[in-house]
Amino acid sequence: MEIQASTGLAPFSADQATVPKQAAASAAIERLRAALKNGQEVQVRYHIEEIQKQGDEAIPSIRSALEKEESHLRANLILALSGISGDSATHLLLERSLIDADPEVARMARNSIGHRKIRRPLTPAEKDKIEHVIQSGTSRDARSWAFIIAHSGFLDSERIASAAVTRFVQDAREPPPEAKVLPNGSYISREAMVFNEYLRAFFFTDSKIIIPSLREELVRATDTKTSKWLTIALGMAGDDTAEEGLRQIIQNTTEDVSTRAEALRAYARVAKEKAIPMLETFSQDKTPGPDPLHPPLAIVASDELYWLRHPDRRVKIWDK
């Protein structure tokens, strides 16, 4: 018979471990406030890491501070929150991105969501706010929200999906200022990078909702540029009727190479294994893009060949 020694203490529970961590997070936030006040940058980084080490148990203290502290501290708490994994942190980032009084802090929170998935239903008020930003906010904010909610499965709302498509068309007709600056180390143009954010959103959206909306806009399109980007968007959304139009864009050597590269990406997504011969050909293409050392068509072709041959790895990367 096994005999266990008695410690005379009550069994330890997970709840008991939570209290010290919450206290540690609150104390670290106080130290962070003092470091910010004194301009101690090294200590600021250290205290942010202190908060992050408390994990989920830091969330109540962070939430409380975010509701009453000034912008500079809130911005640093968003940095701390961005380094904490899990749904609680993601959902608090979502809340602050929509309600923070400082637009820059709100933008930091939204950008920190990144590829995280929102795993709770959006409230009606949240849907209204996101739809309004997609319709009337800056292009950068609109396409960022379109991707976040599509990646989380919420662009299946016809109303929000329609707003995303409308804004995509608006930006195709009149590209935002950031699309007109010179590229900085990218293998595709800034304009293509802008549209790529919308295209990623459409890739994650329910095809039964997004494709009809894109087709309607394509029928109404009156300029060649808008028609091209809508064709690329249809390919990314999985509409096989776009295949021929995509091939025409890809094979048109007078077309902008970045646009051709995005069309090649869309063709690979919709045509799948049928696209392999074309992808193998373009994987050797030397047509230079904004960065002469990184030809866009070859990079996209190589990437898409890899994803077609390892489809399970795409899911793992995008579903973080």
# chains A, B, ... in the order shown; residues from 1 in each chain; ligands from 1
$ residues_around --residues "A:Arg119" --least-positions-apart "2" --cutoff "9 Å" --atoms "only C-alpha atoms" --output "NGL selection string"
:A and (87 or 90-91 or 117 or 121 or 152)
$ write_last_selection --atoms "C-alpha atoms" --output "PDB file, in the first residue's frame"
ATOM      1  CA  ASP A  87      -8.339  34.595 -28.132  1.00  0.00           C
ATOM      2  CA  THR A  90      -7.115  39.043 -29.967  1.00  0.00           C
ATOM      3  CA  HIS A  91     -10.591  40.068 -28.889  1.00  0.00           C
ATOM      4  CA  LYS A 117      -8.443  34.884 -36.097  1.00  0.00           C
ATOM      5  CA  PRO A 121     -19.321  36.766 -33.356  1.00  0.00           C
ATOM      6  CA  SER A 152     -11.883  35.303 -39.611  1.00  0.00           C
TER       7      SER A 152
END
$ residues_around --residues "stretch 25-42 of chain A" --least-positions-apart "4" --cutoff "10 Å" --atoms "only C-alpha atoms" --output "list of chain:residue names"
A:Val19, A:Pro20, A:Lys21, A:Tyr46, A:His47, A:Ile48, A:Glu49, A:Glu50, A:Ile51, A:Gln52, A:Lys53, A:Gln54, A:Gly55, A:Glu57, A:Ala58, A:Ile59, A:Pro60, A:Ser61, A:Ile62, A:Ser64, A:Ala65, A:Glu69, A:Glu70, A:His72, A:Leu73, A:Arg74, A:Asn76, A:Leu77, A:Ala80
$ select_by_dssp --residues "stretch 67-157 of chain A" --states "alpha helix (DSSP H)" --output "PyMOL selection string"
chain A and resi 71-82+87-99+103-113+124-136+139-151
$ atom_distance --atom1 "atom CA of A:Ile134" --atom2 "atom CA of A:Thr166"
9.1 Å
$ residues_around --residues "A:Ser189" --least-positions-apart "3" --cutoff "7 Å" --atoms "only C-alpha atoms" --output "PDB file with N, CA and C atoms, in the first residue's frame"
ATOM      1  N   PRO A 183       8.245  51.986 -55.159  1.00  0.00           N
ATOM      2  CA  PRO A 183       8.347  50.803 -54.300  1.00  0.00           C
ATOM      3  C   PRO A 183       9.622  50.828 -53.488  1.00  0.00           C
ATOM      4  N   SER A 186      10.333  45.999 -52.710  1.00  0.00           N
ATOM      5  CA  SER A 186       9.348  44.972 -53.023  1.00  0.00           C
ATOM      6  C   SER A 186       9.545  44.486 -54.450  1.00  0.00           C
ATOM      7  N   ALA A 192       0.293  47.374 -57.028  1.00  0.00           N
ATOM      8  CA  ALA A 192      -0.075  45.963 -56.937  1.00  0.00           C
ATOM      9  C   ALA A 192      -0.147  45.512 -55.484  1.00  0.00           C
ATOM     10  N   MET A 193       0.715  46.059 -54.634  1.00  0.00           N
ATOM     11  CA  MET A 193       0.673  45.717 -53.212  1.00  0.00           C
ATOM     12  C   MET A 193      -0.642  46.163 -52.585  1.00  0.00           C
ATOM     13  N   SER A 258       3.969  43.707 -62.725  1.00  0.00           N
ATOM     14  CA  SER A 258       3.380  43.448 -61.406  1.00  0.00           C
ATOM     15  C   SER A 258       1.928  43.010 -61.531  1.00  0.00           C
ATOM     16  N   PRO A 290      10.096  46.127 -60.079  1.00  0.00           N
ATOM     17  CA  PRO A 290      10.664  47.272 -59.363  1.00  0.00           C
ATOM     18  C   PRO A 290      12.051  46.977 -58.793  1.00  0.00           C
TER      19      PRO A 290
END
